[in-house]
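Enquirer: Attaching a single structure in structure tokens format; questions to follow.
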Amino acid sequence: MTGLHLYIVAALVIAATGLYGFLVQPHLLKKLLALNIAAAGVFLLVVAFADRGASPDPVPHALVLTGIVISVSATAYGIVLAARLHRITGQTTLEEGDDHA
Amino acid sequence: MSTALRHLFVIAVMVALVWTGSSALLPLVDRTASLTAQVERRMPESGVEHPLTAVLLNFRGYDTMLEIGVLLVAVLAVWTLDPAPRARWRMVEPSSRSPVLRIALHILIPTAVMAAGYMVWVGAYRPGGAFQAGTVLGAVWVILVSAGVVRLPLARVTGVRVVLAAGFTAFLLAALGPALAGQNLLEYPRLLAGMIILAVETTLSVSIGAAIGALVAGVAARRDGTEPEGGRA
């Protein structure tokens with residue numbers, strides 16, 4: 001197993017960990033954090049595949065840069081939504097009967 | 001389903017995901033072709049010397065242009081959640097009287113702005129460019145908000161809207177110009193490509209800085225536009 005194989009498996013594990021956190025955690029901010037971790041795993045996967053040949057392939061790098069900016073935008077929007085929900089209802093999760101003030 | 005059972009089920013699904021993904025992707029390592037050679041071949045007509053900037057701003061400029069659009073849509077989405085739409089923002093003295101804070105701000109902010117300007121320029125020759133510089137400018141906004149120097153978020157003042165739209169507009173003009181002149185979309189004329197890219201990148205970095213500032217500063221905490229005492233919203 002070369003280093004590149006290790007990167008790909010590690011990237012998949014990170015993405016799966018983030019996805020697990022997103023599905024299992026009830027707290028909204030933790031869900032957002034888990035999504036960011038999953039995104040980091042996916043970016044690592046794409047960048048790992050850029051390492052072929054003598055010099056790295058710049059096209060996957062450009063795609064990942066775009067992806068990072070979009071994940072920042074989506075995270076910011078998610079945080080503002082969660083903050084609004086908390087300010088209006090006092091809840092920090094989407095479950096019924098949650099009364100964390 | 002009990003919580004533990006639910007967790008175990010999701011873990012099992014994730015393990016299956018990693019297994020399937022690995023068995024599908026690991027054999028591809030030796031088989032796929034890379035685009036490095038094609039990019040290298042067309043570098044002379046890109047107008048810059050760094051392959052990543054050439055790909056971002058010239059060869060795949062369409063993706064970058066729409067990415068700015070996504071950033072602006074996120075700012076719009078955050079602003080729709082604003083409970084105090086008419087609040088105005090103002091600069092105040094830092095809430096803390098610590099001299100360390102004031103001196104740090106006096107040194108840090110101009111240095112950061114200068115670093116952002118350098119990053120835009122050096123993007124043609126080394127890793128850098130509009131997004132990196134724009135993020136530094138956005139970080140300047142984060143510092144100002146965290147230090148309590150800026151009270152209230154960036155409200156919908158016309159000047160802020162102009163700055164936010166300027167980046168996308170510049171990129172759109174650079175993209176449509178060749179199309180209106182009879183060539184394809186985003187097909188920069190070979191001799192002007194470097195200058196077009198630099199002009200678009202500079203406008204873009206200021207725009208991105210303002211957008212990140214608007215996203216991070218968020219919206220007002222209360223209906224009357226003020227923030228609760230003793231901390232951020």
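Every chain in the structure tokens has a letter given in the order shown (A, B, ...), and although residue numbers restart at 1 in each chain, ligands are simply numbered from 1 in the order shown.
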Do me a favour and pick out the residues of chain B within 6 Å of chain A, using only C-alpha atoms, as JSON, numbers by chain.

Expert: {"B": [14, 18, 35, 36, 52, 56, 71, 74, 78, 215]}

Enquirer: Identify all residues of region 16-227 of chain B in helix (DSSP H, G or I) (DSSP on the backbone) and supply them as a compact mmCIF listing (two decimals) with N, CA and C atoms, in the first residue's frame.

Expert:
```
# COMPACT_ATOMS: atom_id res chain seq x y z
N ALA B 16 -19.51 0.23 5.78
CA ALA B 16 -19.79 -0.28 4.43
C ALA B 16 -19.43 0.76 3.39
N LEU B 17 -19.68 2.03 3.70
CA LEU B 17 -19.35 3.13 2.77
C LEU B 17 -17.85 3.18 2.53
N VAL B 18 -17.07 3.12 3.62
CA VAL B 18 -15.61 3.20 3.47
C VAL B 18 -15.11 1.99 2.68
N TRP B 19 -15.67 0.83 2.97
CA TRP B 19 -15.24 -0.38 2.27
C TRP B 19 -15.54 -0.28 0.78
N THR B 20 -16.77 0.10 0.44
CA THR B 20 -17.15 0.20 -0.97
C THR B 20 -16.33 1.27 -1.67
N GLY B 21 -16.18 2.42 -1.00
CA GLY B 21 -15.41 3.50 -1.59
C GLY B 21 -13.97 3.10 -1.85
N SER B 22 -13.35 2.45 -0.87
CA SER B 22 -11.96 2.05 -1.05
C SER B 22 -11.82 1.07 -2.20
N SER B 23 -12.69 0.06 -2.24
CA SER B 23 -12.54 -0.95 -3.30
C SER B 23 -12.83 -0.35 -4.67
N ALA B 24 -13.63 0.70 -4.71
CA ALA B 24 -13.90 1.32 -6.00
C ALA B 24 -12.80 2.29 -6.41
N LEU B 25 -12.21 3.00 -5.45
CA LEU B 25 -11.31 4.10 -5.79
C LEU B 25 -9.85 3.68 -5.82
N LEU B 26 -9.45 2.75 -4.96
CA LEU B 26 -8.03 2.40 -4.92
C LEU B 26 -7.49 1.87 -6.24
N PRO B 27 -8.24 1.05 -6.99
CA PRO B 27 -7.70 0.61 -8.28
C PRO B 27 -7.55 1.74 -9.28
N LEU B 28 -8.24 2.88 -9.06
CA LEU B 28 -8.18 3.95 -10.04
C LEU B 28 -6.85 4.69 -10.02
N VAL B 29 -6.08 4.50 -8.95
CA VAL B 29 -4.87 5.30 -8.77
C VAL B 29 -3.92 5.14 -9.95
N ASP B 30 -3.79 3.91 -10.44
CA ASP B 30 -2.83 3.70 -11.53
C ASP B 30 -3.44 3.91 -12.90
N THR B 36 -2.38 17.68 -16.12
CA THR B 36 -1.25 18.59 -15.96
C THR B 36 -0.64 18.95 -17.30
N ALA B 37 -0.46 17.95 -18.17
CA ALA B 37 0.20 18.21 -19.44
C ALA B 37 -0.60 19.18 -20.30
N GLN B 38 -1.93 18.99 -20.32
CA GLN B 38 -2.76 19.89 -21.12
C GLN B 38 -2.71 21.31 -20.60
N VAL B 39 -2.72 21.46 -19.26
CA VAL B 39 -2.65 22.80 -18.69
C VAL B 39 -1.30 23.43 -19.03
N GLU B 40 -0.22 22.65 -18.90
CA GLU B 40 1.11 23.19 -19.18
C GLU B 40 1.21 23.66 -20.64
N ARG B 41 0.57 22.92 -21.52
CA ARG B 41 0.66 23.26 -22.94
C ARG B 41 0.00 24.60 -23.24
N MET B 43 -0.43 27.13 -21.04
CA MET B 43 -0.07 28.19 -20.10
C MET B 43 0.27 29.51 -20.78
N PRO B 44 1.01 29.50 -21.92
CA PRO B 44 1.39 30.79 -22.51
C PRO B 44 0.20 31.67 -22.86
N GLU B 45 -0.94 31.10 -23.17
CA GLU B 45 -2.06 31.96 -23.54
C GLU B 45 -2.98 32.25 -22.36
N PRO B 51 0.04 27.70 -12.69
CA PRO B 51 -1.02 26.89 -13.32
C PRO B 51 -2.33 26.91 -12.56
N LEU B 52 -2.28 27.01 -11.22
CA LEU B 52 -3.53 26.97 -10.47
C LEU B 52 -4.37 28.23 -10.73
N THR B 53 -3.68 29.40 -10.75
CA THR B 53 -4.41 30.65 -11.05
C THR B 53 -4.96 30.62 -12.46
N ALA B 54 -4.17 30.06 -13.40
CA ALA B 54 -4.65 29.98 -14.77
C ALA B 54 -5.91 29.12 -14.85
N VAL B 55 -5.91 28.01 -14.15
CA VAL B 55 -7.09 27.15 -14.17
C VAL B 55 -8.28 27.85 -13.52
N LEU B 56 -8.04 28.50 -12.39
CA LEU B 56 -9.15 29.11 -11.65
C LEU B 56 -9.77 30.28 -12.37
N LEU B 57 -8.91 31.15 -12.95
CA LEU B 57 -9.42 32.41 -13.47
C LEU B 57 -9.60 32.39 -14.98
N ASN B 58 -9.01 31.43 -15.67
CA ASN B 58 -9.08 31.45 -17.11
C ASN B 58 -9.72 30.18 -17.67
N PHE B 59 -9.07 29.02 -17.45
CA PHE B 59 -9.58 27.80 -18.08
C PHE B 59 -10.91 27.38 -17.47
N GLY B 61 -12.79 29.46 -15.51
CA GLY B 61 -13.29 30.71 -14.93
C GLY B 61 -14.78 30.67 -14.69
N TYR B 62 -15.50 29.87 -15.45
CA TYR B 62 -16.95 29.78 -15.29
C TYR B 62 -17.30 29.28 -13.89
N ASP B 63 -16.56 28.26 -13.42
CA ASP B 63 -16.81 27.75 -12.07
C ASP B 63 -16.58 28.84 -11.03
N THR B 64 -15.49 29.60 -11.19
CA THR B 64 -15.17 30.63 -10.21
C THR B 64 -16.22 31.72 -10.20
N MET B 65 -16.71 32.07 -11.39
CA MET B 65 -17.71 33.12 -11.45
C MET B 65 -18.98 32.70 -10.72
N LEU B 66 -19.42 31.47 -10.94
CA LEU B 66 -20.61 31.00 -10.25
C LEU B 66 -20.37 30.82 -8.76
N GLU B 67 -19.12 30.55 -8.38
CA GLU B 67 -18.81 30.43 -6.97
C GLU B 67 -19.01 31.75 -6.24
N ILE B 68 -18.60 32.85 -6.90
CA ILE B 68 -18.88 34.17 -6.32
C ILE B 68 -20.37 34.37 -6.19
N GLY B 69 -21.12 33.91 -7.19
CA GLY B 69 -22.56 34.02 -7.11
C GLY B 69 -23.11 33.28 -5.90
N VAL B 70 -22.56 32.11 -5.60
CA VAL B 70 -23.02 31.35 -4.43
C VAL B 70 -22.74 32.13 -3.16
N LEU B 71 -21.56 32.75 -3.10
CA LEU B 71 -21.20 33.55 -1.91
C LEU B 71 -22.19 34.69 -1.72
N LEU B 72 -22.57 35.36 -2.82
CA LEU B 72 -23.52 36.46 -2.72
C LEU B 72 -24.89 35.97 -2.31
N VAL B 73 -25.30 34.82 -2.83
CA VAL B 73 -26.60 34.27 -2.45
C VAL B 73 -26.61 33.94 -0.96
N ALA B 74 -25.47 33.45 -0.44
CA ALA B 74 -25.40 33.16 1.00
C ALA B 74 -25.57 34.45 1.81
N VAL B 75 -24.95 35.55 1.35
CA VAL B 75 -25.10 36.82 2.06
C VAL B 75 -26.57 37.26 2.03
N LEU B 76 -27.21 37.12 0.86
CA LEU B 76 -28.63 37.46 0.77
C LEU B 76 -29.46 36.61 1.73
N ALA B 77 -29.13 35.31 1.77
CA ALA B 77 -29.90 34.41 2.64
C ALA B 77 -29.73 34.81 4.10
N VAL B 78 -28.51 35.16 4.50
CA VAL B 78 -28.28 35.58 5.88
C VAL B 78 -29.03 36.87 6.17
N TRP B 79 -29.05 37.78 5.20
CA TRP B 79 -29.74 39.06 5.42
C TRP B 79 -31.25 38.91 5.51
N THR B 80 -31.82 37.87 4.87
CA THR B 80 -33.26 37.70 5.00
C THR B 80 -33.65 37.34 6.44
N PRO B 99 -4.59 48.64 26.55
CA PRO B 99 -3.69 49.21 25.54
C PRO B 99 -3.14 48.15 24.61
N VAL B 100 -3.03 46.92 25.10
CA VAL B 100 -2.52 45.85 24.24
C VAL B 100 -3.45 45.66 23.06
N LEU B 101 -4.76 45.72 23.33
CA LEU B 101 -5.72 45.51 22.25
C LEU B 101 -5.61 46.62 21.21
N ARG B 102 -5.52 47.88 21.71
CA ARG B 102 -5.49 48.99 20.76
C ARG B 102 -4.25 48.94 19.90
N ILE B 103 -3.10 48.69 20.55
CA ILE B 103 -1.85 48.66 19.78
C ILE B 103 -1.87 47.48 18.81
N ALA B 104 -2.37 46.35 19.26
CA ALA B 104 -2.43 45.18 18.38
C ALA B 104 -3.29 45.49 17.16
N LEU B 105 -4.43 46.14 17.36
CA LEU B 105 -5.28 46.47 16.23
C LEU B 105 -4.58 47.45 15.29
N HIS B 106 -3.91 48.46 15.88
CA HIS B 106 -3.25 49.45 15.04
C HIS B 106 -2.18 48.82 14.17
N ILE B 107 -1.52 47.77 14.70
CA ILE B 107 -0.47 47.13 13.90
C ILE B 107 -1.06 46.08 12.98
N LEU B 108 -2.03 45.32 13.49
CA LEU B 108 -2.49 44.13 12.77
C LEU B 108 -3.32 44.48 11.54
N ILE B 109 -4.23 45.43 11.69
CA ILE B 109 -5.18 45.68 10.59
C ILE B 109 -4.47 46.18 9.33
N PRO B 110 -3.62 47.20 9.41
CA PRO B 110 -2.95 47.64 8.17
C PRO B 110 -2.06 46.56 7.58
N THR B 111 -1.37 45.79 8.46
CA THR B 111 -0.53 44.72 7.94
C THR B 111 -1.36 43.68 7.19
N ALA B 112 -2.52 43.36 7.74
CA ALA B 112 -3.36 42.36 7.09
C ALA B 112 -3.85 42.87 5.74
N VAL B 113 -4.23 44.15 5.68
CA VAL B 113 -4.71 44.69 4.41
C VAL B 113 -3.59 44.67 3.37
N MET B 114 -2.36 45.00 3.84
CA MET B 114 -1.24 44.98 2.91
C MET B 114 -0.95 43.56 2.44
N ALA B 115 -1.03 42.60 3.37
CA ALA B 115 -0.80 41.20 3.00
C ALA B 115 -1.83 40.76 1.97
N ALA B 116 -3.08 41.21 2.12
CA ALA B 116 -4.11 40.84 1.16
C ALA B 116 -3.78 41.40 -0.22
N GLY B 117 -3.34 42.64 -0.26
CA GLY B 117 -2.97 43.23 -1.54
C GLY B 117 -1.83 42.47 -2.20
N TYR B 118 -0.83 42.07 -1.39
CA TYR B 118 0.28 41.30 -1.94
C TYR B 118 -0.20 39.96 -2.48
N MET B 119 -1.11 39.33 -1.75
CA MET B 119 -1.58 38.01 -2.18
C MET B 119 -2.29 38.07 -3.52
N VAL B 120 -3.04 39.16 -3.75
CA VAL B 120 -3.71 39.28 -5.05
C VAL B 120 -2.68 39.40 -6.16
N TRP B 121 -1.65 40.20 -5.91
CA TRP B 121 -0.64 40.42 -6.95
C TRP B 121 0.17 39.16 -7.22
N VAL B 122 0.57 38.45 -6.16
CA VAL B 122 1.49 37.33 -6.32
C VAL B 122 0.77 36.10 -6.86
N ALA B 130 -7.34 35.81 -5.65
CA ALA B 130 -8.45 36.59 -5.13
C ALA B 130 -9.03 35.98 -3.87
N PHE B 131 -9.23 34.67 -3.84
CA PHE B 131 -9.92 34.07 -2.70
C PHE B 131 -9.08 34.13 -1.45
N GLN B 132 -7.79 33.89 -1.62
CA GLN B 132 -6.92 33.93 -0.46
C GLN B 132 -6.89 35.34 0.12
N ALA B 133 -6.74 36.35 -0.77
CA ALA B 133 -6.71 37.73 -0.29
C ALA B 133 -8.06 38.12 0.31
N GLY B 134 -9.14 37.69 -0.33
CA GLY B 134 -10.47 38.02 0.18
C GLY B 134 -10.70 37.43 1.55
N THR B 135 -10.16 36.23 1.79
CA THR B 135 -10.32 35.62 3.12
C THR B 135 -9.58 36.43 4.17
N VAL B 136 -8.39 36.94 3.83
CA VAL B 136 -7.65 37.77 4.80
C VAL B 136 -8.44 39.04 5.11
N LEU B 137 -9.02 39.65 4.05
CA LEU B 137 -9.84 40.84 4.29
C LEU B 137 -11.06 40.52 5.15
N GLY B 138 -11.66 39.36 4.90
CA GLY B 138 -12.78 38.93 5.74
C GLY B 138 -12.34 38.74 7.17
N ALA B 139 -11.12 38.21 7.35
CA ALA B 139 -10.60 38.02 8.70
C ALA B 139 -10.42 39.36 9.40
N VAL B 140 -10.09 40.40 8.63
CA VAL B 140 -9.98 41.75 9.23
C VAL B 140 -11.33 42.13 9.83
N TRP B 141 -12.41 41.84 9.11
CA TRP B 141 -13.74 42.12 9.64
C TRP B 141 -14.02 41.32 10.90
N VAL B 142 -13.59 40.05 10.91
CA VAL B 142 -13.82 39.22 12.09
C VAL B 142 -13.10 39.82 13.30
N ILE B 143 -11.85 40.29 13.07
CA ILE B 143 -11.09 40.90 14.17
C ILE B 143 -11.81 42.14 14.68
N LEU B 144 -12.29 42.98 13.75
CA LEU B 144 -12.96 44.21 14.17
C LEU B 144 -14.23 43.90 14.96
N VAL B 145 -14.97 42.89 14.50
CA VAL B 145 -16.21 42.55 15.21
C VAL B 145 -15.88 41.94 16.58
N SER B 146 -14.87 41.06 16.61
CA SER B 146 -14.54 40.41 17.89
C SER B 146 -13.99 41.41 18.88
N THR B 158 -26.16 51.28 0.83
CA THR B 158 -25.91 51.14 -0.61
C THR B 158 -24.45 50.87 -0.90
N GLY B 159 -23.55 51.56 -0.17
CA GLY B 159 -22.13 51.37 -0.43
C GLY B 159 -21.70 49.93 -0.24
N VAL B 160 -22.23 49.28 0.81
CA VAL B 160 -21.89 47.88 1.06
C VAL B 160 -22.40 47.01 -0.08
N ARG B 161 -23.62 47.31 -0.54
CA ARG B 161 -24.17 46.51 -1.64
C ARG B 161 -23.34 46.66 -2.90
N VAL B 162 -22.86 47.90 -3.15
CA VAL B 162 -22.05 48.12 -4.36
C VAL B 162 -20.76 47.32 -4.27
N VAL B 163 -20.12 47.35 -3.09
CA VAL B 163 -18.86 46.62 -2.94
C VAL B 163 -19.09 45.12 -3.12
N LEU B 164 -20.20 44.63 -2.56
CA LEU B 164 -20.47 43.20 -2.68
C LEU B 164 -20.71 42.80 -4.12
N ALA B 165 -21.41 43.64 -4.86
CA ALA B 165 -21.75 43.27 -6.23
C ALA B 165 -20.61 43.51 -7.21
N ALA B 166 -19.64 44.34 -6.81
CA ALA B 166 -18.61 44.76 -7.76
C ALA B 166 -17.80 43.58 -8.29
N GLY B 167 -17.48 42.63 -7.42
CA GLY B 167 -16.65 41.51 -7.85
C GLY B 167 -17.32 40.68 -8.91
N PHE B 168 -18.55 40.29 -8.63
CA PHE B 168 -19.29 39.47 -9.57
C PHE B 168 -19.52 40.21 -10.87
N THR B 169 -19.82 41.54 -10.76
CA THR B 169 -20.05 42.32 -11.98
C THR B 169 -18.80 42.38 -12.84
N ALA B 170 -17.65 42.60 -12.19
CA ALA B 170 -16.41 42.66 -12.96
C ALA B 170 -16.15 41.34 -13.69
N PHE B 171 -16.35 40.24 -12.98
CA PHE B 171 -16.13 38.94 -13.59
C PHE B 171 -17.13 38.71 -14.73
N LEU B 172 -18.37 39.13 -14.52
CA LEU B 172 -19.39 38.93 -15.55
C LEU B 172 -19.05 39.72 -16.81
N LEU B 173 -18.55 40.98 -16.61
CA LEU B 173 -18.18 41.78 -17.76
C LEU B 173 -17.01 41.15 -18.51
N ALA B 174 -16.02 40.66 -17.74
CA ALA B 174 -14.88 40.01 -18.38
C ALA B 174 -15.30 38.76 -19.13
N ALA B 175 -16.35 38.11 -18.64
CA ALA B 175 -16.81 36.89 -19.29
C ALA B 175 -17.64 37.20 -20.53
N LEU B 176 -18.51 38.24 -20.42
CA LEU B 176 -19.42 38.52 -21.52
C LEU B 176 -18.73 39.31 -22.63
N GLY B 177 -17.68 40.09 -22.27
CA GLY B 177 -17.01 40.91 -23.27
C GLY B 177 -16.61 40.14 -24.51
N PRO B 178 -15.82 39.06 -24.33
CA PRO B 178 -15.46 38.29 -25.53
C PRO B 178 -16.67 37.69 -26.24
N ALA B 179 -17.71 37.36 -25.47
CA ALA B 179 -18.88 36.76 -26.11
C ALA B 179 -19.57 37.77 -27.01
N LEU B 180 -19.64 39.04 -26.53
CA LEU B 180 -20.29 40.06 -27.35
C LEU B 180 -19.44 40.43 -28.54
N ALA B 193 -4.98 39.06 -21.44
CA ALA B 193 -5.46 38.10 -20.43
C ALA B 193 -4.89 38.40 -19.05
N GLY B 194 -3.57 38.70 -18.97
CA GLY B 194 -2.96 38.94 -17.67
C GLY B 194 -3.59 40.12 -16.96
N MET B 195 -3.79 41.22 -17.71
CA MET B 195 -4.35 42.42 -17.09
C MET B 195 -5.80 42.21 -16.69
N ILE B 196 -6.55 41.52 -17.55
CA ILE B 196 -7.95 41.27 -17.22
C ILE B 196 -8.03 40.46 -15.93
N ILE B 197 -7.17 39.43 -15.84
CA ILE B 197 -7.22 38.57 -14.66
C ILE B 197 -6.87 39.37 -13.41
N LEU B 198 -5.85 40.25 -13.50
CA LEU B 198 -5.46 41.03 -12.32
C LEU B 198 -6.58 41.98 -11.91
N ALA B 199 -7.21 42.64 -12.89
CA ALA B 199 -8.28 43.58 -12.56
C ALA B 199 -9.45 42.85 -11.92
N VAL B 200 -9.84 41.73 -12.52
CA VAL B 200 -10.96 40.97 -11.97
C VAL B 200 -10.62 40.47 -10.56
N GLU B 201 -9.37 39.99 -10.37
CA GLU B 201 -9.00 39.44 -9.07
C GLU B 201 -9.01 40.51 -8.00
N THR B 202 -8.55 41.72 -8.31
CA THR B 202 -8.52 42.77 -7.29
C THR B 202 -9.93 43.12 -6.84
N THR B 203 -10.82 43.34 -7.84
CA THR B 203 -12.20 43.66 -7.47
C THR B 203 -12.82 42.50 -6.70
N LEU B 204 -12.50 41.30 -7.13
CA LEU B 204 -13.06 40.11 -6.51
C LEU B 204 -12.64 40.00 -5.06
N SER B 205 -11.36 40.31 -4.76
CA SER B 205 -10.89 40.10 -3.39
C SER B 205 -11.58 41.07 -2.43
N VAL B 206 -11.78 42.33 -2.86
CA VAL B 206 -12.50 43.27 -1.99
C VAL B 206 -13.92 42.79 -1.77
N SER B 207 -14.54 42.31 -2.84
CA SER B 207 -15.91 41.83 -2.77
C SER B 207 -16.03 40.63 -1.83
N ILE B 208 -15.07 39.70 -1.97
CA ILE B 208 -15.11 38.51 -1.11
C ILE B 208 -14.89 38.88 0.34
N GLY B 209 -13.96 39.84 0.58
CA GLY B 209 -13.74 40.28 1.95
C GLY B 209 -15.01 40.83 2.57
N ALA B 210 -15.73 41.67 1.80
CA ALA B 210 -16.98 42.22 2.31
C ALA B 210 -18.01 41.12 2.53
N ALA B 211 -18.05 40.15 1.61
CA ALA B 211 -19.04 39.07 1.75
C ALA B 211 -18.77 38.23 2.99
N ILE B 212 -17.50 37.88 3.21
CA ILE B 212 -17.17 37.08 4.40
C ILE B 212 -17.45 37.88 5.66
N GLY B 213 -17.15 39.18 5.62
CA GLY B 213 -17.48 40.02 6.76
C GLY B 213 -18.97 40.03 7.03
N ALA B 214 -19.77 40.15 5.96
CA ALA B 214 -21.22 40.16 6.13
C ALA B 214 -21.72 38.83 6.66
N LEU B 215 -21.09 37.72 6.21
CA LEU B 215 -21.53 36.40 6.68
C LEU B 215 -21.18 36.19 8.14
N VAL B 216 -19.96 36.60 8.53
CA VAL B 216 -19.50 36.32 9.88
C VAL B 216 -20.15 37.27 10.88
N ALA B 217 -20.25 38.56 10.50
CA ALA B 217 -20.89 39.50 11.41
C ALA B 217 -22.36 39.18 11.56
```

Enquirer: Output as a list in words all residues of region 9-220 of chain B that backbone DSSP marks as strand (DSSP E or B).

Expert: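 Result set for region 9-220 of chain B (strand (DSSP E or B)): Arg90, Met91, Val150 and Arg151 of chain B.
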
Enquirer: Using only C-alpha atoms, can you tell me which of B:Arg126, B:His50, B:His7, B:Arg97 comes closest to Ala147 (chain B)?

Expert: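 Nearest candidate to Ala147 (chain B) out of B:Arg126, B:His50, B:His7, B:Arg97: B:Arg97.
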
Enquirer: When you draw a straight line from CA of Ala82 (chain A) to CA of Glu96 (chain A), how long is it in Å?

Expert: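 Interatomic distance here is 15.5 Å.
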